[in-house]
>>> print(open('target.txt').read())   # compact mmCIF, C-alpha atoms
# COMPACT_ATOMS: atom_id res chain seq x y z
CA MET A 1 6.55 -21.76 2.05
CA ALA A 2 6.40 -21.72 5.84
CA SER A 3 10.12 -22.47 5.96
CA ASN A 4 10.87 -19.46 3.72
CA ARG A 5 8.81 -17.18 5.95
CA PHE A 6 10.68 -18.49 8.98
CA ASN A 7 14.05 -17.82 7.33
CA VAL A 8 13.04 -14.26 6.40
CA ALA A 9 11.87 -13.57 9.94
CA ALA A 10 15.09 -14.96 11.34
CA ARG A 11 17.16 -12.74 9.08
CA ASN A 12 15.08 -9.68 9.95
CA LYS A 13 15.37 -10.33 13.65
CA ALA A 14 17.86 -7.88 15.18
CA ALA A 15 21.06 -9.40 16.47
CA PRO A 16 21.68 -8.89 20.20
CA GLN A 17 23.86 -5.89 21.02
CA ASP A 18 27.25 -6.37 22.66
CA PRO A 19 26.96 -4.69 26.11
CA THR A 20 30.65 -3.72 25.98
CA GLN A 21 30.30 -1.82 22.68
CA VAL A 22 28.68 1.49 21.83
CA PRO A 23 25.34 0.62 20.17
CA SER A 24 24.92 1.68 16.57
CA GLY A 25 22.66 4.65 15.92
CA VAL A 26 22.88 6.00 19.47
CA ASP A 27 25.00 9.01 18.50
CA VAL A 28 22.10 11.44 18.05
CA GLN A 29 20.70 10.50 21.47
CA THR A 30 23.79 11.67 23.38
CA PHE A 31 25.46 14.98 24.18
CA PHE A 32 28.04 14.12 21.48
CA PHE A 33 25.39 14.83 18.82
CA PRO A 34 25.78 14.43 15.88
CA ALA A 35 28.53 11.80 16.22
CA ILE A 36 30.35 10.07 19.07
CA PRO A 37 34.12 10.51 18.62
CA ASP A 38 35.93 7.41 17.37
CA GLU A 39 38.28 7.64 20.36
CA VAL A 40 35.35 7.21 22.75
CA ARG A 41 33.76 4.44 20.71
CA ALA A 42 37.03 2.48 20.58
CA ALA A 43 37.76 2.89 24.31
CA VAL A 44 34.41 1.70 25.71
CA PRO A 45 35.34 -2.04 25.52
CA ILE A 46 38.65 -1.25 27.24
CA LEU A 47 36.88 0.66 30.01
CA HIS A 48 34.90 -2.49 30.80
CA SER A 49 38.20 -4.24 31.54
CA ALA A 50 39.60 -1.51 33.80
CA SER A 51 39.40 -1.59 37.57
CA ALA A 52 37.52 1.07 39.53
CA SER A 53 40.75 2.44 41.00
CA ALA A 54 42.33 2.76 37.55
CA VAL A 55 39.25 4.60 36.26
CA GLU A 56 39.32 6.92 39.25
CA ARG A 57 43.02 7.69 38.73
CA ILE A 58 42.53 8.42 35.01
CA THR A 59 39.47 10.61 35.64
CA THR A 60 41.26 12.61 38.32
CA ALA A 61 44.25 13.18 36.03
CA VAL A 62 42.01 14.30 33.14
CA PHE A 63 40.09 16.83 35.23
CA GLU A 64 43.32 18.10 36.76
CA TYR A 65 44.60 18.70 33.23
CA LEU A 66 41.41 20.50 32.20
CA CYS A 67 41.52 22.74 35.27
CA THR A 68 45.22 23.59 34.96
CA SER A 69 47.11 25.57 32.36
CA THR A 70 48.27 23.03 29.79
CA LEU A 71 51.84 24.34 29.90
CA ASP A 72 52.07 23.82 33.66
CA TYR A 73 50.49 20.37 33.95
CA ALA A 74 52.37 17.07 34.08
CA LEU A 75 51.09 13.59 34.80
CA PRO A 76 52.08 12.14 38.17
CA GLY A 77 55.33 10.21 37.95
CA ASP A 78 53.71 6.90 38.90
CA PHE A 79 50.57 7.38 36.76
CA TYR A 80 51.21 4.56 34.29
CA GLU A 81 52.81 2.24 36.83
CA SER A 82 49.93 2.55 39.30
CA THR A 83 47.24 2.28 36.62
CA LEU A 84 48.79 -0.81 35.05
CA ARG A 85 49.27 -2.41 38.45
CA ASP A 86 45.56 -1.97 39.22
CA SER A 87 44.55 -3.43 35.83
CA ALA A 88 47.09 -6.09 34.94
CA ALA A 89 45.28 -7.07 31.73
CA LEU A 90 45.81 -3.62 30.20
CA GLY A 91 48.81 -2.13 28.42
CA VAL A 92 50.15 1.37 28.00
CA ASP A 93 48.21 1.84 24.75
CA ASP A 94 45.01 0.87 26.57
CA VAL A 95 45.67 3.44 29.30
CA ASN A 96 46.27 6.11 26.65
CA ALA A 97 43.05 5.16 24.87
CA MET A 98 41.03 5.34 28.10
CA THR A 99 42.59 8.66 29.06
CA THR A 100 41.73 10.13 25.66
CA ALA A 101 38.14 8.88 25.88
CA VAL A 102 37.61 10.26 29.38
CA TYR A 103 39.09 13.55 28.20
CA PHE A 104 36.50 13.80 25.40
CA LEU A 105 33.71 12.89 27.84
CA ALA A 106 34.79 15.45 30.44
CA ARG A 107 35.54 18.29 28.03
CA THR A 108 32.23 17.94 26.17
CA ALA A 109 30.24 17.74 29.41
CA LEU A 110 31.97 20.79 30.86
CA ARG A 111 31.65 22.91 27.72
CA ASN A 112 27.97 22.10 27.25
CA LYS A 113 27.15 22.28 30.99
CA ILE A 114 25.55 18.86 30.91
CA LYS A 115 23.47 18.04 33.99
CA LEU A 116 24.66 15.11 36.06
CA SER A 117 21.43 13.19 35.54
CA VAL A 118 21.67 13.68 31.77
CA LEU A 119 25.34 12.69 31.82
CA ARG A 120 24.63 9.38 33.53
CA GLU A 121 21.67 8.67 31.24
CA HIS A 122 23.63 9.31 28.04
CA LEU A 123 26.67 7.35 29.20
CA ALA A 124 24.40 4.42 29.98
CA LYS A 125 23.02 4.59 26.43
CA MET A 126 26.62 4.39 25.17
CA ASN A 127 27.26 1.30 27.36
CA VAL A 128 29.92 3.18 29.32
CA PRO A 129 30.54 1.32 32.61
CA ALA A 130 28.73 2.70 35.65
CA ALA A 131 32.05 3.14 37.46
CA VAL A 132 33.25 5.49 34.73
CA ALA A 133 29.97 7.43 34.72
CA ASP A 134 30.10 7.83 38.51
CA ALA A 135 33.75 8.93 38.46
CA VAL A 136 33.16 11.51 35.71
CA ALA A 137 29.99 12.81 37.41
CA ARG A 138 31.76 13.11 40.75
CA GLN A 139 34.67 15.06 39.27
CA LEU A 140 32.29 17.17 37.18
CA GLN A 141 30.39 18.20 40.30
CA THR A 142 33.48 19.15 42.30
CA GLN A 143 35.71 20.63 39.58
CA ARG A 144 33.22 22.57 37.48
CA ALA A 145 33.72 25.91 39.29
CA ARG A 146 37.49 25.55 39.06
CA TYR A 147 37.31 24.80 35.33
CA GLU A 148 35.05 27.78 34.62
CA ALA A 149 37.36 30.07 36.62
CA ARG A 150 40.32 28.97 34.49
CA VAL A 151 38.37 29.52 31.26
CA ILE A 152 37.32 33.00 32.35
CA HIS A 153 40.89 33.83 33.35
CA HIS A 154 42.30 32.80 29.96
CA ARG A 155 39.56 34.13 27.68
CA LEU A 156 40.31 36.92 25.21
CA THR A 157 38.88 40.22 26.45
CA PHE A 158 39.58 43.91 26.25
CA PRO A 159 42.02 45.16 28.92
CA LYS A 160 40.29 46.16 32.14
CA LEU A 161 40.84 49.52 33.78
CA GLU A 162 42.96 49.18 36.89
CA ARG A 163 43.70 52.75 37.96
CA VAL A 164 42.95 56.34 36.90
CA ARG A 165 45.08 59.35 37.69
CA TRP A 166 44.06 62.92 36.91
CA ARG A 167 44.93 66.53 37.44
CA VAL A 168 43.57 69.90 36.36
CA ASP A 169 45.82 72.30 34.47
CA VAL A 170 44.84 75.93 34.00
CA VAL A 171 46.01 77.76 30.92
CA ILE A 172 46.80 81.25 32.16
CA SER A 173 47.79 82.86 28.88
CA SER A 174 48.49 82.10 25.23
CA GLY A 175 50.46 83.65 22.39
CA SER A 176 47.54 85.88 21.44
CA LEU A 177 45.85 86.47 24.81
CA THR A 178 47.49 87.50 28.06
CA ARG A 179 44.69 86.16 30.24
CA VAL A 180 42.97 82.93 29.23
CA MET A 181 42.32 81.10 32.54
CA ARG A 182 41.01 77.96 30.81
CA PRO A 183 41.03 74.69 32.76
CA ASN A 184 42.02 71.40 31.09
CA VAL A 185 41.74 67.92 32.60
CA LEU A 186 44.73 65.61 32.18
CA LEU A 187 43.75 61.92 32.54
CA GLN A 188 46.03 58.91 32.79
CA MET A 189 44.48 55.44 32.61
CA ILE A 190 46.41 52.30 33.57
CA THR A 191 44.98 48.97 32.33
CA LYS A 192 45.41 45.45 33.68
CA ASP A 193 47.92 44.56 30.96
CA GLY A 194 50.21 47.41 32.01
CA ARG A 195 49.38 49.89 29.24
CA VAL A 196 49.33 53.57 30.18
CA VAL A 197 47.05 55.87 28.18
CA THR A 198 47.32 59.62 28.77
CA PHE A 199 45.07 62.24 27.18
CA GLU A 200 43.93 65.78 27.78
CA ALA A 201 40.34 67.00 27.68
CA THR A 202 38.82 70.41 27.78
CA LEU A 203 36.14 71.11 30.36
CA GLU A 204 33.44 70.62 27.72
CA MET A 205 34.92 67.29 26.58
CA PHE A 206 35.21 66.09 30.18
CA GLN A 207 31.56 66.97 30.85
CA GLN A 208 30.58 65.03 27.71
CA LEU A 209 32.59 62.04 28.97
CA ARG A 210 30.81 62.17 32.33
CA TYR A 211 27.43 62.38 30.60
CA SER A 212 28.21 59.42 28.30
CA VAL A 213 29.34 57.22 31.20
CA ALA A 214 26.25 58.10 33.25
CA LYS A 215 24.03 57.38 30.25
CA VAL A 216 25.55 53.94 29.70
CA LEU A 217 25.18 53.07 33.39
CA HIS A 218 21.54 54.16 33.33
CA GLU A 219 20.84 52.05 30.22
CA MET A 220 22.47 49.01 31.85
CA GLN A 221 20.32 49.39 34.95
CA THR A 222 17.20 49.78 32.79
CA LEU A 223 18.11 46.66 30.85
CA GLU A 224 18.62 44.65 34.04
CA ARG A 225 15.11 45.58 35.18
CA HIS A 226 13.54 44.50 31.89
CA PRO A 227 11.06 41.59 32.32
CA ILE A 228 12.78 39.46 29.66
CA ILE A 229 16.14 39.76 31.42
CA ARG A 230 14.48 38.74 34.69
CA ILE A 231 13.05 35.66 32.98
CA VAL A 232 16.45 34.78 31.51
CA ASN A 233 18.12 35.16 34.91
CA GLU A 234 15.46 32.96 36.49
CA PHE A 235 16.08 30.22 33.91
CA LYS A 236 19.82 30.49 34.56
CA ARG A 237 19.23 30.16 38.29
CA ARG A 238 17.10 27.06 37.78
CA ASP A 239 19.71 25.54 35.47
CA GLU A 240 22.35 26.11 38.14
CA GLU A 241 20.16 24.35 40.71
CA ASP A 242 19.40 21.45 38.38
CA TYR A 243 23.00 21.03 37.24
CA ASN A 244 24.15 19.15 40.33
CA ARG A 245 21.10 16.93 40.59
>>> encode(input="target.txt", output="structure tokens")
Amino acid sequence: MASNRFNVAARNKAAPQDPTQVPSGVDVQTFFFPAIPDEVRAAVPILHSASASAVERITTAVFEYLCTSTLDYALPGDFYESTLRDSAALGVDDVNAMTTAVYFLARTALRNKIKLSVLREHLAKMNVPAAVADAVARQLQTQRARYEARVIHHRLTFPKLERVRWRVDVVISSGSLTRVMRPNVLLQMITKDGRVVTFEATLEMFQQLRYSVAKVLHEMQTLERHPIIRIVNEFKRRDEEDYNR
């Protein structure tokens, strides 16, 4: 009977985790929630075999790709040669797997604005080597502003107003009246994408346009002074301060 209890306890005892593998069940505890990508899971053992210089080269290339227009970016000519020379035990497929994994790590961290302390903690839970975590955190800290500037530049927005031209025309007479003397405002708006929009407004319509613009500006200023907006801005400021910690 004692032997049976011992066998049951031995079977129930958890097997030791491989420190070079992503532990099972850790997905929900990371910024990849709900599931860690298979590409990352498969590349973690390979990352343990890579040298620090190879990891640094791959991380730099990934962040350069993320911060550059995809159509304009090309890997350095000696990327594979240098990486394989630094890690002789690896092959081209291993380098591709590591590059893909680092890409998923960097892109997810940038999109979700993961704090550096949280990044290191979650990568440690995934058994990602410390050299990789440090390289990603270092690039994340230095390249974040550049990445966000590229995203803002390429986002889909309405065309912005670049220039406005105007003149006032006075209608002196018409077919039924010999003396009208009615002013009209001719407006020409040029947007950032090169479109030119021209329209004419009577004096009453122009006054209504001025009133509507002034009303919108006043409402925006009132909204900015609202206590809730101040609280939101304060939280954003604190998040910005905590991000690089």
>>> atom_distance(input="target.txt", atom1="atom CA of A:Ile36", atom2="atom CA of A:Leu90")
23.5 Å
>>> closest_residue(input="target.txt", among="A:Val168, A:Met220, A:Val185, A:Ile114", to="A:Gln207", atoms="all atoms listed in the file")
A:Val185
>>> residues_around(input="target.txt", residues="A:Gln143", least_positions_apart="5", cutoff="10 Å", atoms="only C-alpha atoms", output="list in words")
Thr60, Phe63, Glu64, Leu66, Cys67, Leu110, Ala137, Arg138 and Glu148 of chain A
>>> axis_aligned_box(input="target.txt", around="stretch 100-117 of chain A", padding_each_side="6 Å", output="lines of an AutoDock Vina configuration file")
center_x = 31.6
center_y = 15.9
center_z = 30.7
size_x = 32.3
size_y = 26.0
size_z = 22.7
>>> closest_residue(input="target.txt", among="A:Leu203, A:Gln141, A:Tyr73, A:Ile172", to="A:Asn184", atoms="all atoms listed in the file")
A:Leu203
>>> closest_residue(input="target.txt", among="A:Arg155, A:Lys125, A:Arg41, A:Lys160", to="A:Ile190", atoms="all atoms listed in the file")
A:Lys160
>>> atom_distance(input="target.txt", atom1="atom CA of A:Leu105", atom2="atom CA of A:Thr30")
10.9 Å
>>> closest_residue(input="target.txt", among="A:Arg107, A:Arg85, A:Arg230, A:Arg120", to="A:Val62", atoms="all atoms listed in the file")
A:Arg107
>>> residues_around(input="target.txt", residues="stretch 20-24 of chain A", least_positions_apart="2", cutoff="10 Å", atoms="all atoms listed in the file", output="PyMOL selection string")
chain A and resi 17-18+26-27+36+40-49+123-129
>>> atom_distance(input="target.txt", atom1="atom CA of A:Ser87", atom2="atom CA of A:Glu39")
20.0 Å
>>> closest_residue(input="target.txt", among="A:Leu140, A:Leu156, A:Ser51, A:Asp93", to="A:Lys115", atoms="only C-alpha atoms")
A:Leu140
>>> closest_residue(input="target.txt", among="A:Thr108, A:Thr99, A:Ser53, A:Ser117", to="A:Asp86", atoms="only C-alpha atoms")
A:Ser53
